[in-house]
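Next comes upload-v5.pdb, a file with PDB, C-alpha atoms and all ligand atoms.
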```
MODEL        1
ATOM      1  CA  MET A   1      -3.728 -68.564  15.697
ATOM      2  CA  GLU A   2      -4.126 -68.905  19.448
ATOM      3  CA  ASP A   3      -2.022 -65.819  20.133
ATOM      4  CA  TYR A   4      -4.322 -63.576  18.053
ATOM      5  CA  LYS A   5      -7.244 -64.696  20.199
ATOM      6  CA  LYS A   6      -5.225 -64.242  23.387
ATOM      7  CA  VAL A   7      -4.213 -60.662  22.479
ATOM      8  CA  ALA A   8      -7.761 -59.783  21.443
ATOM      9  CA  GLY A   9      -8.926 -61.071  24.842
ATOM     10  CA  LEU A  10      -6.263 -58.966  26.595
ATOM     11  CA  ILE A  11      -7.374 -55.802  24.805
ATOM     12  CA  LYS A  12     -11.040 -56.505  25.655
ATOM     13  CA  GLU A  13     -10.398 -57.217  29.304
ATOM     14  CA  ARG A  14      -7.902 -54.371  29.887
ATOM     15  CA  GLY A  15     -10.002 -51.883  27.909
ATOM     16  CA  TYR A  16      -7.536 -49.043  27.366
ATOM     17  CA  ALA A  17      -5.297 -49.748  24.374
ATOM     18  CA  VAL A  18      -2.942 -47.239  22.747
ATOM     19  CA  ALA A  19      -1.119 -47.806  19.452
ATOM     20  CA  PHE A  20       2.437 -46.590  18.880
ATOM     21  CA  THR A  21       3.069 -46.647  15.137
ATOM     22  CA  GLY A  22       6.031 -46.226  12.824
ATOM     23  CA  ALA A  23       6.743 -46.299   9.106
ATOM     24  CA  GLY A  24       6.114 -50.046   8.883
ATOM     25  CA  ILE A  25       2.339 -49.577   9.126
ATOM     26  CA  SER A  26       2.425 -47.444   5.960
ATOM     27  CA  VAL A  27       4.655 -49.705   3.847
ATOM     28  CA  ASP A  28       1.589 -51.545   2.542
ATOM     29  CA  SER A  29       0.133 -48.111   1.743
ATOM     30  CA  GLY A  30       2.988 -47.615  -0.724
ATOM     31  CA  ILE A  31       5.200 -45.444   1.477
ATOM     32  CA  PRO A  32       8.710 -46.882   1.927
ATOM     33  CA  ALA A  33      10.049 -47.131   5.467
ATOM     34  CA  PHE A  34      13.186 -45.217   6.425
ATOM     35  CA  ARG A  35      15.567 -48.019   7.388
ATOM     36  CA  GLY A  36      16.268 -51.412   5.887
ATOM     37  CA  GLY A  37      16.574 -52.536   2.262
ATOM     38  CA  GLN A  38      14.344 -50.119   0.332
ATOM     39  CA  GLY A  39      14.445 -47.491   3.079
ATOM     40  CA  LEU A  40      14.258 -43.796   2.246
ATOM     41  CA  TRP A  41      17.532 -43.235   4.117
ATOM     42  CA  GLU A  42      19.262 -45.633   1.703
ATOM     43  CA  LYS A  43      18.384 -43.180  -1.058
ATOM     44  CA  TYR A  44      18.811 -39.912   0.851
ATOM     45  CA  ASP A  45      21.364 -39.386   3.633
ATOM     46  CA  PRO A  46      19.166 -38.088   6.486
ATOM     47  CA  MET A  47      21.891 -35.730   7.674
ATOM     48  CA  GLU A  48      22.030 -34.118   4.207
ATOM     49  CA  TYR A  49      18.294 -34.158   3.473
ATOM     50  CA  ALA A  50      16.355 -34.387   6.756
ATOM     51  CA  HIS A  51      18.356 -32.226   9.191
ATOM     52  CA  ILE A  52      17.122 -28.720   9.997
ATOM     53  CA  GLY A  53      20.644 -27.400   9.309
ATOM     54  CA  ALA A  54      20.519 -28.842   5.783
ATOM     55  CA  PHE A  55      17.109 -27.231   5.239
ATOM     56  CA  HIS A  56      18.473 -23.805   6.176
ATOM     57  CA  SER A  57      21.687 -24.135   4.158
ATOM     58  CA  ASN A  58      20.295 -25.842   1.055
ATOM     59  CA  PRO A  59      16.480 -25.843   0.902
ATOM     60  CA  GLY A  60      16.494 -26.623  -2.829
ATOM     61  CA  LYS A  61      18.365 -29.871  -2.211
ATOM     62  CA  VAL A  62      16.161 -30.877   0.732
ATOM     63  CA  TRP A  63      13.080 -30.199  -1.399
ATOM     64  CA  ILE A  64      14.301 -32.835  -3.885
ATOM     65  CA  MET A  65      13.689 -35.443  -1.171
ATOM     66  CA  LEU A  66      10.556 -33.685   0.102
ATOM     67  CA  ARG A  67       9.066 -33.620  -3.433
ATOM     68  CA  ASP A  68       9.813 -37.325  -3.788
ATOM     69  CA  MET A  69       8.188 -38.044  -0.403
ATOM     70  CA  SER A  70       5.176 -35.842  -1.243
ATOM     71  CA  ARG A  71       4.504 -37.692  -4.501
ATOM     72  CA  VAL A  72       4.518 -41.034  -2.652
ATOM     73  CA  ILE A  73       2.194 -39.643   0.033
ATOM     74  CA  PHE A  74      -0.222 -38.255  -2.594
ATOM     75  CA  GLU A  75      -0.558 -41.778  -4.055
ATOM     76  CA  SER A  76      -0.937 -43.543  -0.702
ATOM     77  CA  LYS A  77      -4.109 -44.770   0.995
ATOM     78  CA  PRO A  78      -4.768 -46.444   4.350
ATOM     79  CA  SER A  79      -3.573 -50.067   4.637
ATOM     80  CA  PRO A  80      -5.693 -52.851   6.186
ATOM     81  CA  ALA A  81      -3.677 -52.164   9.339
ATOM     82  CA  HIS A  82      -4.738 -48.508   9.445
ATOM     83  CA  LYS A  83      -8.336 -49.620   8.949
ATOM     84  CA  ALA A  84      -8.054 -52.199  11.744
ATOM     85  CA  LEU A  85      -6.970 -49.451  14.169
ATOM     86  CA  SER A  86      -9.929 -47.327  13.053
ATOM     87  CA  ASP A  87     -12.284 -50.239  13.798
ATOM     88  CA  LEU A  88     -10.613 -50.779  17.180
ATOM     89  CA  GLU A  89     -11.308 -47.115  18.069
ATOM     90  CA  SER A  90     -14.926 -47.379  16.865
ATOM     91  CA  MET A  91     -15.399 -50.357  19.198
ATOM     92  CA  GLY A  92     -14.118 -48.226  22.085
ATOM     93  CA  TYR A  93     -10.955 -50.198  22.877
ATOM     94  CA  LEU A  94      -8.314 -47.994  21.172
ATOM     95  CA  LYS A  95      -8.126 -44.677  23.031
ATOM     96  CA  ALA A  96      -5.239 -43.019  21.155
ATOM     97  CA  ILE A  97      -2.625 -43.464  18.457
ATOM     98  CA  ILE A  98       0.836 -42.049  19.013
ATOM     99  CA  THR A  99       2.386 -42.016  15.565
ATOM    100  CA  GLN A 100       5.888 -41.227  14.367
ATOM    101  CA  ASN A 101       4.513 -41.070  10.815
ATOM    102  CA  VAL A 102       3.778 -37.808   9.028
ATOM    103  CA  ASP A 103       1.610 -39.238   6.206
ATOM    104  CA  GLY A 104      -1.799 -38.455   7.748
ATOM    105  CA  LEU A 105      -3.075 -41.979   6.966
ATOM    106  CA  HIS A 106      -4.450 -42.590  10.478
ATOM    107  CA  GLN A 107      -6.728 -39.544  10.040
ATOM    108  CA  ILE A 108      -7.819 -40.715   6.581
ATOM    109  CA  ALA A 109      -8.545 -44.194   8.008
ATOM    110  CA  GLY A 110     -10.960 -42.554  10.463
ATOM    111  CA  ASN A 111      -9.144 -42.446  13.811
ATOM    112  CA  SER A 112      -9.793 -39.301  15.831
ATOM    113  CA  ASN A 113      -7.365 -39.231  18.772
ATOM    114  CA  ILE A 114      -4.015 -39.092  16.989
ATOM    115  CA  ILE A 115      -0.827 -37.686  18.484
ATOM    116  CA  GLU A 116       1.591 -36.760  15.689
ATOM    117  CA  TYR A 117       4.920 -36.983  17.482
ATOM    118  CA  HIS A 118       6.895 -35.954  14.400
ATOM    119  CA  GLY A 119       4.342 -33.565  12.892
ATOM    120  CA  ASN A 120       2.440 -33.793   9.640
ATOM    121  CA  HIS A 121       3.680 -33.540   6.069
ATOM    122  CA  TRP A 122       0.338 -32.209   4.753
ATOM    123  CA  GLN A 123       0.971 -28.719   6.135
ATOM    124  CA  LEU A 124       3.783 -26.449   4.965
ATOM    125  CA  VAL A 125       4.861 -23.603   7.240
ATOM    126  CA  CYS A 126       6.935 -20.438   6.860
ATOM    127  CA  LEU A 127       9.538 -20.413   9.662
ATOM    128  CA  ASN A 128       9.576 -16.605   9.545
ATOM    129  CA  CYS A 129       5.916 -15.580   9.655
ATOM    130  CA  ALA A 130       4.243 -18.913  10.543
ATOM    131  CA  THR A 131       1.984 -18.768   7.464
ATOM    132  CA  ARG A 132       0.598 -22.253   6.714
ATOM    133  CA  VAL A 133      -0.017 -23.647   3.254
ATOM    134  CA  ALA A 134      -1.722 -26.999   2.538
ATOM    135  CA  LEU A 135       0.463 -29.500   0.669
ATOM    136  CA  ALA A 136      -0.768 -30.046  -2.894
ATOM    137  CA  PRO A 137       0.837 -31.221  -6.160
ATOM    138  CA  GLU A 138       0.835 -27.720  -7.613
ATOM    139  CA  VAL A 139       2.510 -26.393  -4.454
ATOM    140  CA  VAL A 140       5.341 -28.951  -4.338
ATOM    141  CA  SER A 141       6.091 -28.545  -8.053
ATOM    142  CA  ALA A 142       7.326 -24.959  -7.413
ATOM    143  CA  MET A 143      11.059 -24.802  -8.169
ATOM    144  CA  PRO A 144      13.513 -24.704  -6.521
ATOM    145  CA  TYR A 145      11.086 -24.938  -3.596
ATOM    146  CA  PRO A 146       7.647 -23.721  -2.431
ATOM    147  CA  MET A 147       7.972 -20.185  -1.114
ATOM    148  CA  CYS A 148       6.078 -18.017   1.380
ATOM    149  CA  ASP A 149       4.263 -15.303  -0.634
ATOM    150  CA  ARG A 150       4.902 -12.745   2.092
ATOM    151  CA  CYS A 151       8.511 -13.470   3.058
ATOM    152  CA  MET A 152       9.778 -15.045  -0.176
ATOM    153  CA  LEU A 153      11.419 -17.691   2.048
ATOM    154  CA  PRO A 154      11.280 -21.497   1.598
ATOM    155  CA  LEU A 155       8.266 -23.246   3.104
ATOM    156  CA  LYS A 156       8.975 -26.297   5.294
ATOM    157  CA  PRO A 157       6.680 -29.268   5.891
ATOM    158  CA  ASP A 158       5.370 -29.099   9.475
ATOM    159  CA  VAL A 159       7.415 -32.186  10.390
ATOM    160  CA  VAL A 160      10.205 -32.634  12.939
ATOM    161  CA  PHE A 161      13.563 -32.668  11.186
ATOM    162  CA  PHE A 162      16.622 -34.152  12.841
ATOM    163  CA  GLY A 163      18.016 -31.430  15.076
ATOM    164  CA  GLU A 164      14.529 -30.098  15.935
ATOM    165  CA  GLY A 165      12.510 -30.598  19.124
ATOM    166  CA  ILE A 166       9.259 -32.549  19.471
ATOM    167  CA  PRO A 167       6.144 -30.308  19.560
ATOM    168  CA  MET A 168       5.527 -29.767  23.275
ATOM    169  CA  LYS A 169       1.769 -30.518  23.104
ATOM    170  CA  ALA A 170       2.428 -33.822  21.321
ATOM    171  CA  MET A 171       5.042 -34.810  23.871
ATOM    172  CA  ILE A 172       2.788 -34.018  26.837
ATOM    173  CA  ARG A 173      -0.186 -35.903  25.331
ATOM    174  CA  ALA A 174       2.004 -38.887  24.384
ATOM    175  CA  ASN A 175       3.441 -39.113  27.895
ATOM    176  CA  GLU A 176      -0.091 -38.993  29.350
ATOM    177  CA  GLU A 177      -1.259 -41.831  27.091
ATOM    178  CA  ALA A 178       1.873 -43.882  27.859
ATOM    179  CA  ASN A 179       0.910 -43.576  31.539
ATOM    180  CA  ASN A 180      -2.815 -44.236  31.003
ATOM    181  CA  CYS A 181      -2.654 -47.210  28.677
ATOM    182  CA  LYS A 182      -3.209 -50.800  29.834
ATOM    183  CA  VAL A 183      -2.096 -52.278  26.496
ATOM    184  CA  LEU A 184       0.441 -50.650  24.156
ATOM    185  CA  ILE A 185       0.424 -51.997  20.587
ATOM    186  CA  ILE A 186       3.772 -51.194  18.929
ATOM    187  CA  ILE A 187       3.415 -51.392  15.149
ATOM    188  CA  GLY A 188       6.135 -51.133  12.509
ATOM    189  CA  THR A 189       8.911 -49.201  14.194
ATOM    190  CA  SER A 190      12.625 -49.917  14.477
ATOM    191  CA  GLY A 191      12.607 -48.176  17.875
ATOM    192  CA  VAL A 192      15.908 -46.383  17.313
ATOM    193  CA  VAL A 193      14.816 -42.733  17.217
ATOM    194  CA  TYR A 194      14.482 -40.808  20.477
ATOM    195  CA  PRO A 195      12.661 -39.377  22.318
ATOM    196  CA  ALA A 196       9.832 -41.264  20.534
ATOM    197  CA  ALA A 197      11.366 -44.634  21.416
ATOM    198  CA  GLU A 198      11.041 -43.828  25.134
ATOM    199  CA  ILE A 199       7.257 -44.147  24.948
ATOM    200  CA  PRO A 200       6.997 -47.966  25.023
ATOM    201  CA  TYR A 201       9.367 -48.091  28.005
ATOM    202  CA  MET A 202       7.192 -45.546  29.833
ATOM    203  CA  ALA A 203       4.095 -47.635  29.104
ATOM    204  CA  LYS A 204       5.839 -50.786  30.343
ATOM    205  CA  SER A 205       6.908 -49.088  33.570
ATOM    206  CA  ASN A 206       3.296 -48.060  34.198
ATOM    207  CA  GLY A 207       2.211 -51.715  33.970
ATOM    208  CA  ALA A 208       0.940 -51.865  30.389
ATOM    209  CA  VAL A 209       1.064 -55.145  28.467
ATOM    210  CA  ILE A 210       3.259 -54.646  25.375
ATOM    211  CA  VAL A 211       2.137 -56.159  22.066
ATOM    212  CA  GLU A 212       4.533 -55.694  19.132
ATOM    213  CA  ILE A 213       3.954 -56.250  15.408
ATOM    214  CA  ASN A 214       7.037 -55.957  13.221
ATOM    215  CA  MET A 215       8.699 -57.593  10.225
ATOM    216  CA  ASP A 216      11.909 -57.664  12.257
ATOM    217  CA  PRO A 217      12.711 -57.704  15.980
ATOM    218  CA  SER A 218      13.398 -54.268  17.519
ATOM    219  CA  PRO A 219      15.155 -53.232  20.763
ATOM    220  CA  PHE A 220      11.731 -53.536  22.418
ATOM    221  CA  THR A 221      11.301 -57.192  21.424
ATOM    222  CA  SER A 222      13.860 -58.753  23.751
ATOM    223  CA  SER A 223      13.426 -56.206  26.567
ATOM    224  CA  ILE A 224       9.786 -55.205  27.124
ATOM    225  CA  THR A 225       7.564 -56.931  24.546
ATOM    226  CA  ASP A 226       5.117 -59.469  26.024
ATOM    227  CA  HIS A 227       3.536 -60.667  22.739
ATOM    228  CA  PHE A 228       5.583 -60.403  19.497
ATOM    229  CA  PHE A 229       4.055 -61.015  16.067
ATOM    230  CA  LYS A 230       6.640 -61.251  13.275
ATOM    231  CA  GLY A 231       4.901 -60.234  10.081
ATOM    232  CA  SER A 232       3.199 -57.472   8.187
ATOM    233  CA  ALA A 233       0.850 -55.262  10.179
ATOM    234  CA  SER A 234      -1.635 -55.587   7.299
ATOM    235  CA  ASP A 235      -1.748 -59.341   7.887
ATOM    236  CA  VAL A 236      -1.511 -59.495  11.683
ATOM    237  CA  LEU A 237      -3.900 -56.736  12.795
ATOM    238  CA  PRO A 238      -6.903 -57.977  10.735
ATOM    239  CA  GLU A 239      -6.301 -61.465  12.199
ATOM    240  CA  ILE A 240      -6.489 -60.048  15.745
ATOM    241  CA  MET A 241      -9.595 -58.048  14.796
ATOM    242  CA  GLY A 242     -11.186 -61.317  13.735
ATOM    243  CA  TYR A 243     -11.658 -62.105  17.456
ATOM    244  CA  PHE A 244     -13.690 -58.975  18.260
TER     245      PHE A 244
HETATM  246  N1  LIG B   1       4.438 -54.387   8.896
HETATM  247  C1  LIG B   1       5.062 -54.214  10.084
HETATM  248  N2  LIG B   1       6.327 -53.750  10.214
HETATM  249  C2  LIG B   1       6.979 -53.456   9.071
HETATM  250  C3  LIG B   1       6.403 -53.602   7.780
HETATM  251  C4  LIG B   1       5.080 -54.094   7.730
HETATM  252  N3  LIG B   1       4.441 -54.288   6.565
HETATM  253  N4  LIG B   1       7.319 -53.223   6.850
HETATM  254  C5  LIG B   1       8.415 -52.834   7.538
HETATM  255  N5  LIG B   1       8.221 -52.969   8.862
HETATM  256  C6  LIG B   1       9.128 -52.650   9.967
HETATM  257  C7  LIG B   1      10.608 -52.707   9.646
HETATM  258  O1  LIG B   1      11.071 -54.041   9.845
HETATM  259  C8  LIG B   1      11.174 -51.748  10.705
HETATM  260  O2  LIG B   1      11.376 -52.425  11.939
HETATM  261  O3  LIG B   1       8.872 -51.296  10.317
HETATM  262  C9  LIG B   1      10.061 -50.717  10.881
HETATM  263  C10 LIG B   1      10.351 -49.400  10.167
HETATM  264  O4  LIG B   1      11.452 -48.804  10.805
HETATM  265  P1  LIG B   1      11.966 -47.375  10.298
HETATM  266  O5  LIG B   1      12.063 -47.373   8.813
HETATM  267  O6  LIG B   1      13.166 -47.035  11.121
HETATM  268  O7  LIG B   1      10.754 -46.388  10.658
HETATM  269  P2  LIG B   1      10.429 -45.741  12.068
HETATM  270  O8  LIG B   1      10.768 -46.662  13.184
HETATM  271  O9  LIG B   1       9.037 -45.255  11.981
HETATM  272  O10 LIG B   1      11.425 -44.466  12.101
HETATM  273  C11 LIG B   1      11.273 -43.597  13.210
HETATM  274  O11 LIG B   1      12.925 -42.153  12.195
HETATM  275  O12 LIG B   1      13.765 -41.176  10.327
HETATM  276  C12 LIG B   1      12.993 -40.952  11.454
HETATM  277  O13 LIG B   1      11.317 -39.346  11.662
HETATM  278  C13 LIG B   1      11.592 -40.578  11.054
HETATM  279  O14 LIG B   1       9.533 -41.125  12.205
HETATM  280  C14 LIG B   1      10.735 -41.665  11.663
HETATM  281  C15 LIG B   1      11.623 -42.208  12.764
ENDMDL
END
```

If you convert what's in this file into structure tokens, what do you get?
Amino acid sequence: MEDYKKVAGLIKERGYAVAFTGAGISVDSGIPAFRGGQGLWEKYDPMEYAHIGAFHSNPGKVWIMLRDMSRVIFESKPSPAHKALSDLESMGYLKAIITQNVDGLHQIAGNSNIIEYHGNHWQLVCLNCATRVALAPEVVSAMPYPMCDRCMLPLKPDVVFFGEGIPMKAMIRANEEANNCKVLIIIGTSGVVYPAAEIPYMAKSNGAVIVEINMDPSPFTSSITDHFFKGSASDVLPEIMGYF
């Protein structure tokens, strides 16, 4: 398709691309997105299962959702879209990935400069003594929840719950990349969660060309997106890579 070739040419000539990814890039990896038909938030009310207040008041209940999410993440592997971004970095065009995802699939796909805006599910942390424990099937099967051996308190995945702040280092790095990038590739995000959703607007205001790949339009599509591809990231990204 002409547009694939045109976007590939843009990335080559502008030379500093950054990807901004959401749950949509991992759907083909077997991890359901949050919103929309089969979304995780259709099954679990985020305010009851993904808010820091809920974690403190009822960790056993929150760990029902976390166990479910962990099992899906254990089974997942990088999609063709993840692999395409790894190739784009290897060729020197993709300088960073700012991801809202916590599944660690960009690392597994081979990318190296990854900014995890919402943290990473593969590390559990004790909020009292900061002990870290790697996520593993035998860890998540502990009932009613995995516990810190020292404090006997519930361990929490090192992810940003609703009601928590964004890790400062991630925010600073993401803002820098939003200001440095010449092309921002938005992949698989509904663009409704802040402050993450500010990033594409920051990139646009610094003069970046905005490319968006999504199954559905987002608030970015009609406001800042220059090239919109409606479809699965696993179909669209490999097509674009075909012109490198
Ligand atoms: N390819 C591209 N886009 C897809 C695909 C696919 N195969 N499948 C679904 N999508 C799109 C959906 O149409 C939707 O626009 O991906 C988007 C997923 O949106 P959400 O489920 O809202 O996920 P995301 O935008 O990443 O959520 C942001 O919300 O709940 C919090 O912390 C959580 O990081 C998450 C944040």

Nearest-residue call for ligand LIG 1 (chain B), choices A:Gly191, A:Pro167, A:Pro238, A:Gly110, using only C-alpha atoms and all ligand atoms: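 Of A:Gly191, A:Pro167, A:Pro238, A:Gly110, the one nearest ligand LIG 1 (chain B) is A:Gly191, counting only C-alpha atoms and all ligand atoms.
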
Between segment 133-185 of chain A and segment 227-234 of chain A, at 12 Å or less, what are the per-residue closest atom pairs and their distances in Å? Count all atoms listed in the file, order by chain and rising residue number, and return it as a tab-separated table.
```
residue	atom	partner	partner_atom	distance
A:Val183	CA	A:His227	CA	10.8
A:Leu184	CA	A:His227	CA	10.6
A:Ile185	CA	A:His227	CA	9.5
```

Atom pair atom CA of Ser112 of chain A / atom CA of Gly207 of chain A: separation (Å): 25.0 Å

Quick one: which chain A residues come within 9 Å of ligand LIG 1 (chain B), and what is the nearest atom pair for each with the distance in Å to one decimal, counting only C-alpha atoms and all ligand atoms, rows ordered by chain and ascending number, as a tab-separated table?
```
residue	atom	partner	partner_atom	distance
A:Thr21	CA	B:LIG1	O9	6.9
A:Gly22	CA	B:LIG1	O9	3.3
A:Ala23	CA	B:LIG1	O9	3.8
A:Gly24	CA	B:LIG1	O3	3.4
A:Ile25	CA	B:LIG1	N1	5.3
A:Ser26	CA	B:LIG1	N3	7.2
A:Val27	CA	B:LIG1	N3	5.3
A:Asp28	CA	B:LIG1	N3	5.6
A:Ser29	CA	B:LIG1	N3	8.9
A:Pro32	CA	B:LIG1	O5	7.7
A:Ala33	CA	B:LIG1	O5	3.9
A:Phe34	CA	B:LIG1	O5	3.4
A:Arg35	CA	B:LIG1	O5	3.8
A:Gly36	CA	B:LIG1	O5	6.5
A:Gly39	CA	B:LIG1	O5	6.2
A:Leu40	CA	B:LIG1	O5	7.8
A:Trp41	CA	B:LIG1	O12	7.5
A:Pro46	CA	B:LIG1	O12	7.3
A:Ala50	CA	B:LIG1	O12	8.1
A:Ala81	CA	B:LIG1	N1	8.4
A:Thr99	CA	B:LIG1	O14	7.9
A:Gln100	CA	B:LIG1	O14	4.2
A:Asn101	CA	B:LIG1	O14	5.2
A:Val102	CA	B:LIG1	O14	7.4
A:Tyr117	CA	B:LIG1	O14	8.1
A:His118	CA	B:LIG1	O14	6.2
A:Val159	CA	B:LIG1	O13	8.3
A:Val160	CA	B:LIG1	O13	6.9
A:Phe161	CA	B:LIG1	O13	7.1
A:Phe162	CA	B:LIG1	O13	7.5
A:Ile187	CA	B:LIG1	C1	6.0
A:Gly188	CA	B:LIG1	N2	3.5
A:Thr189	CA	B:LIG1	O8	3.3
A:Ser190	CA	B:LIG1	O2	3.8
A:Gly191	CA	B:LIG1	O8	5.3
A:Val192	CA	B:LIG1	O8	6.6
A:Val193	CA	B:LIG1	O11	5.4
A:Tyr194	CA	B:LIG1	C15	8.3
A:Ala196	CA	B:LIG1	C11	7.8
A:Ala197	CA	B:LIG1	C11	8.3
A:Ile213	CA	B:LIG1	C1	5.8
A:Asn214	CA	B:LIG1	N2	3.8
A:Met215	CA	B:LIG1	O1	4.3
A:Asp216	CA	B:LIG1	O1	4.4
A:Pro217	CA	B:LIG1	O2	6.8
A:Ser218	CA	B:LIG1	O2	6.2
A:Lys230	CA	B:LIG1	C1	7.9
A:Gly231	CA	B:LIG1	N1	6.0
A:Ser232	CA	B:LIG1	N1	3.4
A:Ala233	CA	B:LIG1	N1	3.9
A:Ser234	CA	B:LIG1	N3	6.3
A:Asp235	CA	B:LIG1	N1	8.0
A:Val236	CA	B:LIG1	N1	8.3
```

Same residues, C-alpha atoms, saved as a compact mmCIF listing (two decimals), keeping the file's coordinate frame:
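And here's part.txt as it stands now:
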```txt
# COMPACT_ATOMS: atom_id res chain seq x y z
CA THR A 21 3.07 -46.65 15.14
CA GLY A 22 6.03 -46.23 12.82
CA ALA A 23 6.74 -46.30 9.11
CA GLY A 24 6.11 -50.05 8.88
CA ILE A 25 2.34 -49.58 9.13
CA SER A 26 2.42 -47.44 5.96
CA VAL A 27 4.66 -49.70 3.85
CA ASP A 28 1.59 -51.54 2.54
CA SER A 29 0.13 -48.11 1.74
CA PRO A 32 8.71 -46.88 1.93
CA ALA A 33 10.05 -47.13 5.47
CA PHE A 34 13.19 -45.22 6.42
CA ARG A 35 15.57 -48.02 7.39
CA GLY A 36 16.27 -51.41 5.89
CA GLY A 39 14.44 -47.49 3.08
CA LEU A 40 14.26 -43.80 2.25
CA TRP A 41 17.53 -43.24 4.12
CA PRO A 46 19.17 -38.09 6.49
CA ALA A 50 16.36 -34.39 6.76
CA ALA A 81 -3.68 -52.16 9.34
CA THR A 99 2.39 -42.02 15.56
CA GLN A 100 5.89 -41.23 14.37
CA ASN A 101 4.51 -41.07 10.82
CA VAL A 102 3.78 -37.81 9.03
CA TYR A 117 4.92 -36.98 17.48
CA HIS A 118 6.90 -35.95 14.40
CA VAL A 159 7.42 -32.19 10.39
CA VAL A 160 10.20 -32.63 12.94
CA PHE A 161 13.56 -32.67 11.19
CA PHE A 162 16.62 -34.15 12.84
CA ILE A 187 3.42 -51.39 15.15
CA GLY A 188 6.14 -51.13 12.51
CA THR A 189 8.91 -49.20 14.19
CA SER A 190 12.62 -49.92 14.48
CA GLY A 191 12.61 -48.18 17.88
CA VAL A 192 15.91 -46.38 17.31
CA VAL A 193 14.82 -42.73 17.22
CA TYR A 194 14.48 -40.81 20.48
CA ALA A 196 9.83 -41.26 20.53
CA ALA A 197 11.37 -44.63 21.42
CA ILE A 213 3.95 -56.25 15.41
CA ASN A 214 7.04 -55.96 13.22
CA MET A 215 8.70 -57.59 10.22
CA ASP A 216 11.91 -57.66 12.26
CA PRO A 217 12.71 -57.70 15.98
CA SER A 218 13.40 -54.27 17.52
CA LYS A 230 6.64 -61.25 13.28
CA GLY A 231 4.90 -60.23 10.08
CA SER A 232 3.20 -57.47 8.19
CA ALA A 233 0.85 -55.26 10.18
CA SER A 234 -1.64 -55.59 7.30
CA ASP A 235 -1.75 -59.34 7.89
CA VAL A 236 -1.51 -59.50 11.68
```

Given the PyMOL selection byres (((chain A and resi 57-73) around 10) and not hetatm), the residues it picks as a PyMOL selection string: chain A and resi 26+29-32+40+43-46+48-56+74-77+102-105+121-122+135-137+139-146+153-157

Residues from last step as file, C-alpha atoms, as an mmCIF file, in the frame of the given file:
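And here's out34.cif as it stands now:
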```
data_model
loop_
_atom_site.group_PDB
_atom_site.id
_atom_site.type_symbol
_atom_site.label_atom_id
_atom_site.label_comp_id
_atom_site.auth_asym_id
_atom_site.auth_seq_id
_atom_site.Cartn_x
_atom_site.Cartn_y
_atom_site.Cartn_z
ATOM 1 C CA SER A 26 2.425 -47.444 5.960
ATOM 2 C CA SER A 29 0.133 -48.111 1.743
ATOM 3 C CA GLY A 30 2.988 -47.615 -0.724
ATOM 4 C CA ILE A 31 5.200 -45.444 1.477
ATOM 5 C CA PRO A 32 8.710 -46.882 1.927
ATOM 6 C CA LEU A 40 14.258 -43.796 2.246
ATOM 7 C CA LYS A 43 18.384 -43.180 -1.058
ATOM 8 C CA TYR A 44 18.811 -39.912 0.851
ATOM 9 C CA ASP A 45 21.364 -39.386 3.633
ATOM 10 C CA PRO A 46 19.166 -38.088 6.486
ATOM 11 C CA GLU A 48 22.030 -34.118 4.207
ATOM 12 C CA TYR A 49 18.294 -34.158 3.473
ATOM 13 C CA ALA A 50 16.355 -34.387 6.756
ATOM 14 C CA HIS A 51 18.356 -32.226 9.191
ATOM 15 C CA ILE A 52 17.122 -28.720 9.997
ATOM 16 C CA GLY A 53 20.644 -27.400 9.309
ATOM 17 C CA ALA A 54 20.519 -28.842 5.783
ATOM 18 C CA PHE A 55 17.109 -27.231 5.239
ATOM 19 C CA HIS A 56 18.473 -23.805 6.176
ATOM 20 C CA PHE A 74 -0.222 -38.255 -2.594
ATOM 21 C CA GLU A 75 -0.558 -41.778 -4.055
ATOM 22 C CA SER A 76 -0.937 -43.543 -0.702
ATOM 23 C CA LYS A 77 -4.109 -44.770 0.995
ATOM 24 C CA VAL A 102 3.778 -37.808 9.028
ATOM 25 C CA ASP A 103 1.610 -39.238 6.206
ATOM 26 C CA GLY A 104 -1.799 -38.455 7.748
ATOM 27 C CA LEU A 105 -3.075 -41.979 6.966
ATOM 28 C CA HIS A 121 3.680 -33.540 6.069
ATOM 29 C CA TRP A 122 0.338 -32.209 4.753
ATOM 30 C CA LEU A 135 0.463 -29.500 0.669
ATOM 31 C CA ALA A 136 -0.768 -30.046 -2.894
ATOM 32 C CA PRO A 137 0.837 -31.221 -6.160
ATOM 33 C CA VAL A 139 2.510 -26.393 -4.454
ATOM 34 C CA VAL A 140 5.341 -28.951 -4.338
ATOM 35 C CA SER A 141 6.091 -28.545 -8.053
ATOM 36 C CA ALA A 142 7.326 -24.959 -7.413
ATOM 37 C CA MET A 143 11.059 -24.802 -8.169
ATOM 38 C CA PRO A 144 13.513 -24.704 -6.521
ATOM 39 C CA TYR A 145 11.086 -24.938 -3.596
ATOM 40 C CA PRO A 146 7.647 -23.721 -2.431
ATOM 41 C CA LEU A 153 11.419 -17.691 2.048
ATOM 42 C CA PRO A 154 11.280 -21.497 1.598
ATOM 43 C CA LEU A 155 8.266 -23.246 3.104
ATOM 44 C CA LYS A 156 8.975 -26.297 5.294
ATOM 45 C CA PRO A 157 6.680 -29.268 5.891
#
```

Pairwise distance for atom CA of Ala130 of chain A and atom CA of Met147 of chain A, rounded to one decimal in Å: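 One can read the atom CA of Ala130 of chain A to atom CA of Met147 of chain A distance as 12.3 Å.
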
Atom pair atom CA of Thr225 of chain A / atom CA of Ile240 of chain A: separation (Å):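 These two atoms are separated by 16.9 Å.
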
Hits from the PyMOL selection byres (((chain A and resi 11-13) around 9) and not hetatm), listed as an NGL selection string: :A and (6-10 or 14-17 or 93-94 or 182-183 or 244)
